[in-house]
Each structure stands twice: as structure tokens, then as C-alpha cells.
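K.L.:
Would you mind keeping the following structure in view while I ask a few things?
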Amino acid sequence: MSSSKRGAFIVIEGLDRSGKSTQVSLLRDRLQDAENAGPTKVVMLHFPIRTTAIGKMIDAYLHSESELDDHTIHLLFSANRWELASTITAHLAQGTTVLADRYAFSGIAFSARKGLPYEWCRAPDVGLPAPDLTLFLNISPEVAATRAGYGLERYEKEEVQKGVKQVFDKIGREMQEDGGSEGKWVEIDAGKTKEEVAEDLWKAVEPLVNGVQGSIGRLWENL
Ligand SMILES: Nc1ncnc2c1ncn2[C@@H]1O[C@H](COP(=O)(O)OP(=O)(O)OP(=O)(O)O)[C@@H](O)[C@H]1O
Ligand SMILES: Cc1cn([C@H]2C[C@H](O)[C@@H](COP(=O)(O)O)O2)c(=O)[nH]c1=O
């Protein structure tokens with residue numbers, strides 16, 4: 001990677017059980033093995049980061065061990081991203097690729113589904129490091145519900161996931177239309193086999209393997 005380039009910030013989004021964690025791991029392995037670029041330094045993050053003090057409160061809520069007002073849990077999810085913002089920026093500046101399993105788009109989708117205003121949901125994340133690329137693993141809530149482990153956490157119910165998908169679809173439409181500071185949004189058919197999904201993801205990621213020119217964007221900085 002040339003000295004004028006920084007690492008790429010890549011986010012994988014989708015419904016619960018759409019295959020995000022599986023694909024983040026496969027992508028990490030492939031980035032580290034990429035032949036044409038030399039080894040790429042990669043860090044993986046999985047939001048929410050459940051090990052911080054804030055993350056532990058989120059974890060208890062997701063396991064239905066605590067109850068919180070909808071606004072409060074939304075702000076905790078956002079605060080959990082801000083806890084990592086300077087770490088993300090530092091990795092990117094050092095040329096490390098950052099792969100995130102969920103980010104601010106999940107924050108909006110899961111809270112707006114509850115009826116909180118869309119703009120209100122977006123506001124606390126304004127100014128976070130913006131991904132260069134967000135890969136949305138598109139799957140129907142019905143298919144996701146058949147996958148292993150479904151139903152263990154608070155939001156893993158078909159009715160909830162249907163509403164979440166509608167908000168994700170709105171976010172995707174907006175990002176594809178406006179081409180603003182939020183980076184590129186690419187939809188991937190997540191109903192295919194793991195290997196096929198990985199191949200489709202790679203086609204979108206490969207142009208970023210050698211790093212990215214220009215400074216790190218900020219989410220919704222032009223609002
Ligand atoms: N393309 C696929 N086809 C069939 N099964 C898959 C596919 N991708 C992942 N799975 C399986 O579905 C389950 C959920 O996958 P994974 O944990 O990667 O999803 P996730 O989106 O990270 O889930 P969550 O959001 O709930 O953490 C796992 O058992 C995994 O092996
Ligand atoms: C980042 C974020 C996540 N959520 C929801 C989405 C999922 O139901 C859980 C996290 O589950 P995972 O298996 O660890 O991916 O939390 C949310 O409501 N708001 C957010 O900002």
C-alpha cells in the first residue's frame with residue numbers, strides 16, 4: 001500500500017442470522033491472503049461490543065435480563081460505537097482495513113422499527129467514521145428464521161425482523177440515491193450458499209484491497 005493511502009472501512013449489515021459473522025470471518029481470511037496486494041492488515045469489530053461497561057448493559061437488554069426505555073437503549077448502542085470511533089480512525093490511518101459486523105445502520109433500523117422518528121435515530125451517530133463500503137446481506141425474514149440459533153435474543157422474531165428490513169430498505173434506497181458522506185451501499189443476495197455469498201462480497205471488496213485514497217468520511221456530515 002502506498003503511503004498516501006489509508007485502510008478501508010467495510011461494514012456488513014443485515015437482519016439477524018443473515019450470515020454476517022460468517023462472511024466477516026471469510027472476508028478477513030481472504031483479505032489476509034490476497035495475493036495481488038501482499039498481506040492486508042485487518043481488524044474485525046462486532047457491534048455491539050459487549051465487553052465494555054456500556055456493552056454489558058446492552059447485552060443484558062438483548063438477553064431480556066433488563067428493561068430499558070427505547071430511547072435509552074438506542075443511545076447506548078450509539079455510545080458503544082463512539083467508544084470505538086477513535087480506534088477505528090487510528091487503524092484506518094495506519095493502513096489497517098477495518099471490518100465491522102453491524103454499525104450505525106443497524107442502530108437506525110432496529111430503533112425506527114419501534115416507532116422512534118427516523119431522523120432522531122440517526123442523530124447520535126452523525127459524525128462517526130463513515131464506512132467506505134457497506135454490504136447489506138439481503139435475506140427474507142422467513143429464511144433467516146430457519147437458520148441455527150434463531151430466537152435466542154430479544155429481536156429474533158419474524159414480525160420484528162420484517163419491520164427492521166423495511167427500514168434497512170429505506171436506508172439502502174437513500175444511500176444509493178444520494179451518494180453522500182455515508183459511503184457506498186451494495187446489496188448482496190444472502191440466500192445463496194455461504195461460498196456464493198462470499199464470492200459476491202469479494203467482487204465488491206476487491207477494489208479496496210490496496211487501500212483507499214483520501215480522508216476518512218464522517219456519517220451524515222452534510223445534514
Ligand atoms: N449462506 C448461508 N446459507 C445457510 N446457512 C448459513 C449461511 N450463512 C450463514 N449460515 C448459518 O446461519 C447461522 C447464522 O449465521 P451467522 O452467525 O453468520 O449470522 P449473523 O448474521 O452474524 O447472525 P446474528 O445477527 O444473529 O449474530 C449459522 O449457523 C451459519 O452457519
Ligand atoms: C448495533 C446494533 C444492534 N442492534 C441489535 C441487532 C441485533 O438484534 C442485536 C445484536 O445482535 P448480534 O447477534 O450481536 O449481531 O442488537 C440494535 O438494535 N441496535 C444497534 O445499534
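Residues are referred to by chain and number: the chain letter is A, B, ... according to the order shown in the C-alpha cells, the number counts from 1 in that chain, and ligands are numbered separately from 1 in the order shown.
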Find the residues around range 84-95 of chain A up to 8 Å (only C-alpha atoms counted), leave out those fewer than 5 positions away in its own chain, and share them as an MDAnalysis selection string.
P.N.:
chainID A and resid 1 5:9 41 128:129 211 216
K.L.:
I need the chosen residues saved as a tab-separated table (two decimals), in the first residue's frame, with all heavy atoms.
P.N.:
```tsv
chain	number	residue	atom	x	y	z
A	1	MET	N	0.85	-1.20	0.00
A	1	MET	CA	0.00	0.00	0.00
A	1	MET	C	0.89	1.25	0.00
A	1	MET	O	1.82	1.33	0.78
A	1	MET	CB	-0.87	-0.03	1.26
A	1	MET	CG	-1.87	1.09	1.32
A	1	MET	SD	-2.82	1.06	2.86
A	1	MET	CE	-3.54	-0.56	2.85
A	5	LYS	N	-2.12	6.22	0.95
A	5	LYS	CA	-3.39	5.51	1.10
A	5	LYS	C	-3.64	5.13	2.56
A	5	LYS	O	-2.72	4.94	3.33
A	5	LYS	CB	-3.39	4.26	0.25
A	5	LYS	CG	-3.54	4.57	-1.23
A	5	LYS	CD	-3.80	3.29	-1.99
A	5	LYS	CE	-4.16	3.59	-3.42
A	5	LYS	NZ	-4.33	2.35	-4.18
A	6	ARG	N	-4.90	5.01	2.92
A	6	ARG	CA	-5.29	4.54	4.26
A	6	ARG	C	-6.02	3.20	4.12
A	6	ARG	O	-6.33	2.77	2.99
A	6	ARG	CB	-6.18	5.57	4.94
A	6	ARG	CG	-7.47	5.83	4.18
A	6	ARG	CD	-8.42	6.72	4.93
A	6	ARG	NE	-9.58	7.06	4.10
A	6	ARG	CZ	-10.65	6.29	3.92
A	6	ARG	NH1	-10.72	5.11	4.51
A	6	ARG	NH2	-11.64	6.67	3.14
A	7	GLY	N	-6.31	2.58	5.25
A	7	GLY	CA	-7.07	1.33	5.20
A	7	GLY	C	-8.52	1.60	4.83
A	7	GLY	O	-9.01	2.72	4.96
A	8	ALA	N	-9.19	0.55	4.37
A	8	ALA	CA	-10.62	0.66	4.00
A	8	ALA	C	-11.48	0.31	5.22
A	8	ALA	O	-11.13	-0.56	6.01
A	8	ALA	CB	-10.92	-0.29	2.86
A	9	PHE	N	-12.61	0.99	5.31
A	9	PHE	CA	-13.57	0.69	6.38
A	9	PHE	C	-14.78	0.04	5.71
A	9	PHE	O	-15.50	0.65	4.93
A	9	PHE	CB	-13.96	2.00	7.09
A	9	PHE	CG	-14.90	1.83	8.26
A	9	PHE	CD1	-15.12	0.59	8.87
A	9	PHE	CD2	-15.56	2.94	8.79
A	9	PHE	CE1	-15.97	0.45	9.95
A	9	PHE	CE2	-16.43	2.81	9.87
A	9	PHE	CZ	-16.64	1.57	10.45
A	41	LYS	N	-3.43	-5.95	6.51
A	41	LYS	CA	-3.72	-5.97	7.96
A	41	LYS	C	-5.20	-5.72	8.14
A	41	LYS	O	-5.75	-4.77	7.57
A	41	LYS	CB	-2.91	-4.89	8.68
A	41	LYS	CG	-1.45	-5.25	8.89
A	41	LYS	CD	-0.72	-4.15	9.65
A	41	LYS	CE	-0.54	-2.92	8.77
A	41	LYS	NZ	-0.06	-1.71	9.46
A	128	LEU	N	-19.74	10.03	13.15
A	128	LEU	CA	-18.92	8.81	13.32
A	128	LEU	C	-18.11	8.57	12.05
A	128	LEU	O	-18.52	9.00	10.96
A	128	LEU	CB	-19.82	7.59	13.54
A	128	LEU	CG	-20.35	7.29	14.92
A	128	LEU	CD1	-21.36	6.14	14.85
A	128	LEU	CD2	-19.23	6.95	15.90
A	129	PRO	N	-16.96	7.86	12.16
A	129	PRO	CA	-16.25	7.49	10.93
A	129	PRO	C	-17.21	6.79	9.95
A	129	PRO	O	-17.96	5.90	10.35
A	129	PRO	CB	-15.16	6.52	11.41
A	129	PRO	CG	-15.02	6.78	12.87
A	129	PRO	CD	-16.33	7.31	13.36
A	211	GLY	N	-6.10	-0.45	-0.33
A	211	GLY	CA	-6.27	0.78	0.44
A	211	GLY	C	-7.10	1.80	-0.31
A	211	GLY	O	-7.53	1.59	-1.44
A	216	ILE	N	-10.87	10.04	5.81
A	216	ILE	CA	-11.98	9.22	6.31
A	216	ILE	C	-13.23	10.11	6.37
A	216	ILE	O	-13.18	11.21	6.92
A	216	ILE	CB	-11.64	8.70	7.72
A	216	ILE	CG1	-10.37	7.83	7.65
A	216	ILE	CG2	-12.80	7.94	8.34
A	216	ILE	CD1	-9.56	7.82	8.91
```
K.L.:
Show me which residues are within 6 Å of ligand 2 counting only C-alpha atoms and all ligand atoms, and format the list as a list in words.
P.N.:
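Residues lying within 6 Å of ligand 2: Asp16, Phe47, Pro48, Phe77, Arg102, Tyr103, Ala104, Ser106, Gly107, Phe110 and Tyr155 of chain A.
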K.L.:
Store the residues picked out above in a file with N, CA, C and O atoms, as an mmCIF file, in the first residue's frame.
P.N.:
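As written to disk, out05.cif reads:
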```cif
data_model
loop_
_atom_site.group_PDB
_atom_site.id
_atom_site.type_symbol
_atom_site.label_atom_id
_atom_site.label_comp_id
_atom_site.auth_asym_id
_atom_site.auth_seq_id
_atom_site.Cartn_x
_atom_site.Cartn_y
_atom_site.Cartn_z
ATOM 1 N N ASP A 16 -30.870 -10.263 11.617
ATOM 2 C CA ASP A 16 -30.310 -11.298 12.479
ATOM 3 C C ASP A 16 -30.300 -12.615 11.692
ATOM 4 O O ASP A 16 -31.284 -12.965 11.022
ATOM 5 N N PHE A 47 -20.335 -5.026 16.376
ATOM 6 C CA PHE A 47 -21.198 -4.143 17.175
ATOM 7 C C PHE A 47 -22.530 -4.817 17.466
ATOM 8 O O PHE A 47 -23.112 -5.392 16.547
ATOM 9 N N PRO A 48 -23.025 -4.745 18.700
ATOM 10 C CA PRO A 48 -22.432 -4.058 19.821
ATOM 11 C C PRO A 48 -21.201 -4.783 20.364
ATOM 12 O O PRO A 48 -21.156 -6.018 20.365
ATOM 13 N N PHE A 77 -26.546 2.042 22.289
ATOM 14 C CA PHE A 77 -25.935 1.425 21.099
ATOM 15 C C PHE A 77 -25.026 2.440 20.388
ATOM 16 O O PHE A 77 -23.935 2.107 19.939
ATOM 17 N N ARG A 102 -22.093 -5.130 11.661
ATOM 18 C CA ARG A 102 -23.099 -4.139 12.082
ATOM 19 C C ARG A 102 -22.442 -2.792 12.385
ATOM 20 O O ARG A 102 -21.288 -2.714 12.818
ATOM 21 N N TYR A 103 -23.256 -1.736 12.226
ATOM 22 C CA TYR A 103 -22.792 -0.373 12.537
ATOM 23 C C TYR A 103 -24.029 0.506 12.737
ATOM 24 O O TYR A 103 -25.095 0.008 13.116
ATOM 25 N N ALA A 104 -23.907 1.777 12.421
ATOM 26 C CA ALA A 104 -24.989 2.729 12.713
ATOM 27 C C ALA A 104 -26.289 2.393 11.987
ATOM 28 O O ALA A 104 -27.378 2.777 12.445
ATOM 29 N N SER A 106 -27.690 -0.513 11.585
ATOM 30 C CA SER A 106 -28.491 -1.380 12.473
ATOM 31 C C SER A 106 -29.159 -0.540 13.547
ATOM 32 O O SER A 106 -30.315 -0.786 13.934
ATOM 33 N N GLY A 107 -28.419 0.450 14.053
ATOM 34 C CA GLY A 107 -28.976 1.313 15.091
ATOM 35 C C GLY A 107 -30.275 1.951 14.627
ATOM 36 O O GLY A 107 -31.293 1.925 15.332
ATOM 37 N N PHE A 110 -33.230 -0.913 13.773
ATOM 38 C CA PHE A 110 -33.900 -1.597 14.883
ATOM 39 C C PHE A 110 -34.707 -0.632 15.747
ATOM 40 O O PHE A 110 -35.730 -1.017 16.321
ATOM 41 N N TYR A 155 -34.696 -9.491 19.694
ATOM 42 C CA TYR A 155 -35.280 -9.051 18.423
ATOM 43 C C TYR A 155 -35.465 -10.180 17.410
ATOM 44 O O TYR A 155 -35.887 -9.929 16.279
#
```
K.L.:
Between A:Gly55, A:Pro141, A:Gly191, A:Gly179, which is the closest to ligand 1 once you count only C-alpha atoms and all ligand atoms?
P.N.:
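Ranked by minimum distance to ligand 1, first place goes to A:Gly191.
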K.L.:
What does the distance between atom 26 (O, counted along the ligand's line) of ligand 1 and CA of Ile54 in chain A come to in Å, to one decimal place?
P.N.:
19.8 Å
K.L.:
Write as a PyMOL selection string the residues around ligand 1, taking 7 Å as the cut-off and counting only C-alpha atoms and all ligand atoms.
P.N.:
chain A and resi 14-23+147-150+190-194+197
K.L.:
With all heavy atoms kept, could you save the residues just selected as a short mmCIF file (atom, residue, chain, number, x, y, z; two decimals), in the first residue's frame?
P.N.:
```
data_model
loop_
_atom_site.label_atom_id
_atom_site.label_comp_id
_atom_site.auth_asym_id
_atom_site.auth_seq_id
_atom_site.Cartn_x
_atom_site.Cartn_y
_atom_site.Cartn_z
N GLY A 14 -27.25 -6.42 8.01
CA GLY A 14 -28.31 -7.35 7.62
C GLY A 14 -29.16 -7.73 8.80
O GLY A 14 -28.88 -7.36 9.95
N LEU A 15 -30.20 -8.49 8.52
CA LEU A 15 -31.08 -9.00 9.57
C LEU A 15 -30.31 -9.97 10.45
O LEU A 15 -29.25 -10.50 10.07
CB LEU A 15 -32.27 -9.75 8.95
CG LEU A 15 -33.21 -8.95 8.06
CD1 LEU A 15 -34.39 -9.81 7.65
CD2 LEU A 15 -33.69 -7.67 8.75
N ASP A 16 -30.87 -10.26 11.62
CA ASP A 16 -30.31 -11.30 12.48
C ASP A 16 -30.30 -12.62 11.69
O ASP A 16 -31.28 -12.96 11.02
CB ASP A 16 -31.17 -11.45 13.74
CG ASP A 16 -31.09 -10.21 14.65
OD1 ASP A 16 -30.46 -9.22 14.25
OD2 ASP A 16 -31.66 -10.26 15.75
N ARG A 17 -29.17 -13.32 11.77
CA ARG A 17 -28.96 -14.64 11.12
C ARG A 17 -28.86 -14.54 9.59
O ARG A 17 -29.06 -15.57 8.90
CB ARG A 17 -30.07 -15.63 11.50
CG ARG A 17 -30.19 -15.84 12.98
CD ARG A 17 -29.06 -16.70 13.52
NE ARG A 17 -28.61 -16.21 14.81
CZ ARG A 17 -27.66 -16.76 15.53
NH1 ARG A 17 -27.02 -17.81 15.08
NH2 ARG A 17 -27.30 -16.25 16.67
N SER A 18 -28.56 -13.37 9.09
CA SER A 18 -28.40 -13.25 7.62
C SER A 18 -27.04 -13.78 7.17
O SER A 18 -26.80 -13.91 5.96
CB SER A 18 -28.58 -11.79 7.18
OG SER A 18 -27.71 -10.94 7.90
N GLY A 19 -26.14 -14.07 8.13
CA GLY A 19 -24.83 -14.63 7.78
C GLY A 19 -23.69 -13.64 7.92
O GLY A 19 -22.59 -13.88 7.40
N LYS A 20 -23.89 -12.55 8.65
CA LYS A 20 -22.87 -11.51 8.76
C LYS A 20 -21.56 -12.02 9.37
O LYS A 20 -20.49 -11.79 8.82
CB LYS A 20 -23.40 -10.34 9.61
CG LYS A 20 -24.61 -9.64 9.00
CD LYS A 20 -25.15 -8.55 9.87
CE LYS A 20 -25.51 -9.01 11.27
NZ LYS A 20 -26.53 -10.08 11.33
N SER A 21 -21.67 -12.67 10.53
CA SER A 21 -20.44 -13.12 11.21
C SER A 21 -19.68 -14.12 10.35
O SER A 21 -18.44 -14.07 10.26
CB SER A 21 -20.77 -13.76 12.56
OG SER A 21 -21.54 -12.88 13.32
N THR A 22 -20.42 -15.01 9.70
CA THR A 22 -19.80 -15.99 8.81
C THR A 22 -19.01 -15.28 7.72
O THR A 22 -17.85 -15.59 7.45
CB THR A 22 -20.91 -16.86 8.15
OG1 THR A 22 -21.68 -17.47 9.17
CG2 THR A 22 -20.32 -17.91 7.22
N GLN A 23 -19.64 -14.27 7.12
CA GLN A 23 -19.00 -13.59 5.98
C GLN A 23 -17.86 -12.68 6.41
O GLN A 23 -16.87 -12.55 5.70
CB GLN A 23 -20.05 -12.83 5.17
CG GLN A 23 -21.06 -13.73 4.47
CD GLN A 23 -20.41 -14.73 3.51
OE1 GLN A 23 -19.38 -14.45 2.90
NE2 GLN A 23 -21.02 -15.90 3.38
N ARG A 147 -32.60 -20.41 10.27
CA ARG A 147 -31.17 -20.67 10.50
C ARG A 147 -30.87 -20.94 11.97
O ARG A 147 -31.57 -20.48 12.87
CB ARG A 147 -30.34 -19.48 9.99
CG ARG A 147 -30.41 -19.42 8.46
CD ARG A 147 -29.36 -18.56 7.87
NE ARG A 147 -29.34 -18.73 6.41
CZ ARG A 147 -28.74 -17.89 5.59
NH1 ARG A 147 -28.10 -16.83 6.07
NH2 ARG A 147 -28.74 -18.12 4.30
N ALA A 148 -29.76 -21.67 12.20
CA ALA A 148 -29.41 -22.13 13.55
C ALA A 148 -29.31 -20.97 14.53
O ALA A 148 -28.81 -19.90 14.18
CB ALA A 148 -28.06 -22.86 13.48
N GLY A 149 -29.78 -21.20 15.74
CA GLY A 149 -29.63 -20.22 16.82
C GLY A 149 -30.68 -19.13 16.83
O GLY A 149 -30.72 -18.31 17.76
N TYR A 150 -31.54 -19.08 15.82
CA TYR A 150 -32.55 -18.01 15.73
C TYR A 150 -33.51 -18.08 16.92
O TYR A 150 -33.94 -19.15 17.30
CB TYR A 150 -33.32 -18.15 14.42
CG TYR A 150 -34.25 -16.99 14.12
CD1 TYR A 150 -33.80 -15.88 13.41
CD2 TYR A 150 -35.58 -17.00 14.55
CE1 TYR A 150 -34.65 -14.83 13.13
CE2 TYR A 150 -36.43 -15.94 14.28
CZ TYR A 150 -35.96 -14.86 13.56
OH TYR A 150 -36.79 -13.81 13.28
N ALA A 190 -28.17 -12.85 0.19
CA ALA A 190 -27.65 -13.70 1.26
C ALA A 190 -28.38 -15.03 1.36
O ALA A 190 -28.13 -15.83 2.26
CB ALA A 190 -27.74 -12.95 2.59
N GLY A 191 -29.28 -15.30 0.41
CA GLY A 191 -30.00 -16.57 0.39
C GLY A 191 -29.23 -17.65 -0.36
O GLY A 191 -29.64 -18.81 -0.40
N LYS A 192 -28.08 -17.28 -0.95
CA LYS A 192 -27.27 -18.27 -1.66
C LYS A 192 -26.41 -19.05 -0.66
O LYS A 192 -26.46 -18.78 0.54
CB LYS A 192 -26.36 -17.54 -2.66
CG LYS A 192 -27.08 -16.77 -3.76
CD LYS A 192 -26.03 -16.18 -4.69
CE LYS A 192 -26.62 -15.34 -5.79
NZ LYS A 192 -25.58 -14.71 -6.62
N THR A 193 -25.59 -19.98 -1.16
CA THR A 193 -24.71 -20.73 -0.25
C THR A 193 -23.65 -19.78 0.33
O THR A 193 -23.39 -18.70 -0.24
CB THR A 193 -23.97 -21.87 -0.98
OG1 THR A 193 -23.07 -21.27 -1.94
CG2 THR A 193 -24.93 -22.82 -1.68
N LYS A 194 -23.04 -20.20 1.43
CA LYS A 194 -22.00 -19.37 2.06
C LYS A 194 -20.90 -19.02 1.06
O LYS A 194 -20.42 -17.89 1.03
CB LYS A 194 -21.36 -20.14 3.23
CG LYS A 194 -22.27 -20.34 4.41
CD LYS A 194 -21.57 -21.14 5.51
CE LYS A 194 -22.57 -21.56 6.56
NZ LYS A 194 -22.02 -22.35 7.64
N VAL A 197 -22.14 -16.45 -1.52
CA VAL A 197 -22.25 -15.12 -0.91
C VAL A 197 -20.84 -14.52 -0.77
O VAL A 197 -20.61 -13.34 -1.09
CB VAL A 197 -22.95 -15.19 0.47
CG1 VAL A 197 -22.98 -13.83 1.13
CG2 VAL A 197 -24.38 -15.72 0.32
#
```
K.L.:
Choose the residue, out of A:His46, A:Lys157, A:Lys114, A:Arg173, that has the smallest atom-to-atom separation from Val98 in chain A; count only C-alpha atoms.
P.N.:
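Distance minimum relative to Val98 in chain A lands on A:His46.
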K.L.:
Could you state the separation of CA of Gln176 in chain A and CA of Thr134 in chain A in Å, given to one decimal place?
P.N.:
11.0 Å
K.L.:
Enumerate the residues of range 64-159 of chain A with a DSSP assignment of strand (DSSP E or B), computed from the backbone, and present them as JSON, numbers by chain.
P.N.:
{"A": [97, 98, 99, 100, 101, 129, 133, 134, 135, 136, 137, 138]}
K.L.:
Between A:Asp189, A:Glu65, A:Asp33, A:Glu182, which one has atoms that come closest to Gly127 in chain A, using only C-alpha atoms?
P.N.:
A:Glu182
K.L.:
Residues at most 10 Å from Gln166 in chain A, counting only C-alpha atoms, excluding those fewer than 4 positions away in the same chain, as a PyMOL selection string?
P.N.:
chain A and resi 109+112-113+161-162+170-172
K.L.:
Please produce a file of those selected residues containing N, CA, C and O atoms, as a JSON list (two decimals), in the first residue's frame.
P.N.:
```
[["chain", "number", "residue", "atom", "x", "y", "z"],
["A", 109, "ALA", "N", -32.17, 1.04, 11.98],
["A", 109, "ALA", "CA", -33.19, 0.08, 11.54],
["A", 109, "ALA", "C", -33.96, -0.53, 12.72],
["A", 109, "ALA", "O", -35.19, -0.63, 12.69],
["A", 112, "ALA", "N", -35.93, 2.59, 14.66],
["A", 112, "ALA", "CA", -37.02, 3.22, 13.89],
["A", 112, "ALA", "C", -38.17, 2.22, 13.73],
["A", 112, "ALA", "O", -39.34, 2.61, 13.69],
["A", 113, "ARG", "N", -37.85, 0.94, 13.67],
["A", 113, "ARG", "CA", -38.89, -0.09, 13.58],
["A", 113, "ARG", "C", -39.85, -0.02, 14.78],
["A", 113, "ARG", "O", -41.05, -0.32, 14.67],
["A", 161, "GLN", "N", -38.26, -8.61, 12.64],
["A", 161, "GLN", "CA", -37.29, -8.58, 11.53],
["A", 161, "GLN", "C", -37.92, -8.03, 10.25],
["A", 161, "GLN", "O", -37.25, -7.38, 9.45],
["A", 162, "LYS", "N", -39.22, -8.28, 10.06],
["A", 162, "LYS", "CA", -39.90, -7.72, 8.87],
["A", 162, "LYS", "C", -39.86, -6.20, 8.91],
["A", 162, "LYS", "O", -39.60, -5.53, 7.92],
["A", 170, "LYS", "N", -35.16, 1.28, 3.25],
["A", 170, "LYS", "CA", -35.23, 2.74, 3.11],
["A", 170, "LYS", "C", -33.81, 3.34, 3.17],
["A", 170, "LYS", "O", -33.44, 4.19, 2.35],
["A", 171, "ILE", "N", -33.00, 2.86, 4.12],
["A", 171, "ILE", "CA", -31.62, 3.37, 4.25],
["A", 171, "ILE", "C", -30.86, 3.10, 2.94],
["A", 171, "ILE", "O", -30.17, 3.96, 2.41],
["A", 172, "GLY", "N", -31.01, 1.87, 2.43],
["A", 172, "GLY", "CA", -30.30, 1.50, 1.19],
["A", 172, "GLY", "C", -30.71, 2.38, 0.03],
["A", 172, "GLY", "O", -29.87, 2.85, -0.74]]
```
K.L.:
Kindly give the distance, in Å, that separates CA of His74 in chain A and CA of Ile108 in chain A, rounded to a single decimal.
P.N.:
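So the two atoms, CA of His74 in chain A and CA of Ile108 in chain A, lie 8.4 Å apart.
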K.L.:
Between A:Glu119, A:Glu221, A:Glu156, A:Glu206, which residue has the minimum interatomic distance to His63 in chain A, considering only C-alpha atoms?
P.N.:
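Counting only C-alpha atoms, the residue closest to His63 in chain A is A:Glu156.
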K.L.:
Pick out the residues sitting within 9 Å of Val43 in chain A, and hand them over as an NGL selection string; count only C-alpha atoms, and ignore anything fewer than 3 positions along from it in its own chain.
P.N.:
:A and (28 or 91 or 96-100)
K.L.:
Show me, as a list in words, the residues that have an atom within 12 Å of range 67-69 of chain A when counting only C-alpha atoms, minus same-chain residues fewer than 4 positions from it.
P.N.:
Met57, Ile58, Asp59, Ala60, Tyr61, Leu62, His63, Ile73, His74, Leu75, Leu76, Ser111, Lys114, Leu116 and Arg154 of chain A
K.L.:
Taking 5 positions as the minimum chain separation for residues in the same chain, which residues sit within 10 Å of range 200-203 of chain A when counting only C-alpha atoms? Answer as a list in words.
P.N.:
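So, after excluding close chain neighbours, the residues are Ile12, Gln23, Val24, Leu26, Leu27, Arg30, Leu31, Leu135, Phe136, Leu137, Val186, Glu187, Ile188, Asp189, Ala190, Lys192, Glu195, Leu208 and Val209 of chain A.
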K.L.:
For the residues in that selection, give me N, CA and C atoms as a compact mmCIF listing (two decimals), in the first residue's frame.
P.N.:
```txt
# COMPACT_ATOMS: atom_id res chain seq x y z
N ILE A 12 -20.54 -4.81 7.30
CA ILE A 12 -21.52 -5.80 6.83
C ILE A 12 -22.78 -5.66 7.69
N GLN A 23 -19.64 -14.27 7.12
CA GLN A 23 -19.00 -13.59 5.98
C GLN A 23 -17.86 -12.68 6.41
N VAL A 24 -17.98 -12.06 7.59
CA VAL A 24 -16.88 -11.21 8.08
C VAL A 24 -15.63 -12.07 8.27
N LEU A 26 -14.91 -14.98 6.77
CA LEU A 26 -14.40 -15.44 5.46
C LEU A 26 -13.68 -14.30 4.74
N LEU A 27 -14.23 -13.09 4.87
CA LEU A 27 -13.64 -11.93 4.20
C LEU A 27 -12.30 -11.58 4.84
N ARG A 30 -9.77 -13.95 3.51
CA ARG A 30 -9.45 -13.71 2.10
C ARG A 30 -8.60 -12.44 1.94
N LEU A 31 -8.92 -11.41 2.73
CA LEU A 31 -8.13 -10.18 2.66
C LEU A 31 -6.69 -10.45 3.09
N LEU A 135 -21.95 -3.52 2.95
CA LEU A 135 -22.50 -4.66 2.22
C LEU A 135 -23.73 -5.13 2.99
N PHE A 136 -24.88 -5.00 2.37
CA PHE A 136 -26.13 -5.40 3.04
C PHE A 136 -26.49 -6.82 2.61
N LEU A 137 -26.47 -7.74 3.56
CA LEU A 137 -26.81 -9.14 3.26
C LEU A 137 -28.33 -9.27 3.22
N VAL A 186 -24.07 -1.59 -0.98
CA VAL A 186 -24.22 -2.64 -2.00
C VAL A 186 -25.04 -3.79 -1.40
N GLU A 187 -26.07 -4.21 -2.13
CA GLU A 187 -26.89 -5.33 -1.64
C GLU A 187 -26.37 -6.64 -2.20
N ILE A 188 -26.31 -7.63 -1.33
CA ILE A 188 -25.82 -8.96 -1.71
C ILE A 188 -26.93 -9.96 -1.38
N ASP A 189 -27.20 -10.86 -2.30
CA ASP A 189 -28.21 -11.90 -2.06
C ASP A 189 -27.66 -12.91 -1.04
N ALA A 190 -28.17 -12.85 0.19
CA ALA A 190 -27.65 -13.70 1.26
C ALA A 190 -28.38 -15.03 1.36
N LYS A 192 -28.08 -17.28 -0.95
CA LYS A 192 -27.27 -18.27 -1.66
C LYS A 192 -26.41 -19.05 -0.66
N GLU A 195 -20.51 -20.01 0.25
CA GLU A 195 -19.42 -19.79 -0.70
C GLU A 195 -19.83 -18.80 -1.78
N LEU A 208 -10.94 -2.40 -3.00
CA LEU A 208 -10.46 -1.68 -1.81
C LEU A 208 -9.24 -2.35 -1.16
N VAL A 209 -8.84 -3.49 -1.73
CA VAL A 209 -7.81 -4.30 -1.09
C VAL A 209 -6.49 -3.54 -0.93
```
K.L.:
Quick check for you: according to DSSP on this backbone, which residues of range 9-56 of chain A are classed as alpha helix (DSSP H)? Reply as a PyMOL selection string.
P.N.:
chain A and resi 20-33+53-56
K.L.:
Which is closest to Val205 in chain A among A:Leu45, A:Ala79, A:Ala123, A:Leu133, if we use only C-alpha atoms?
P.N.:
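Residue with the minimum atom-to-atom distance to Val205 in chain A: A:Leu133.
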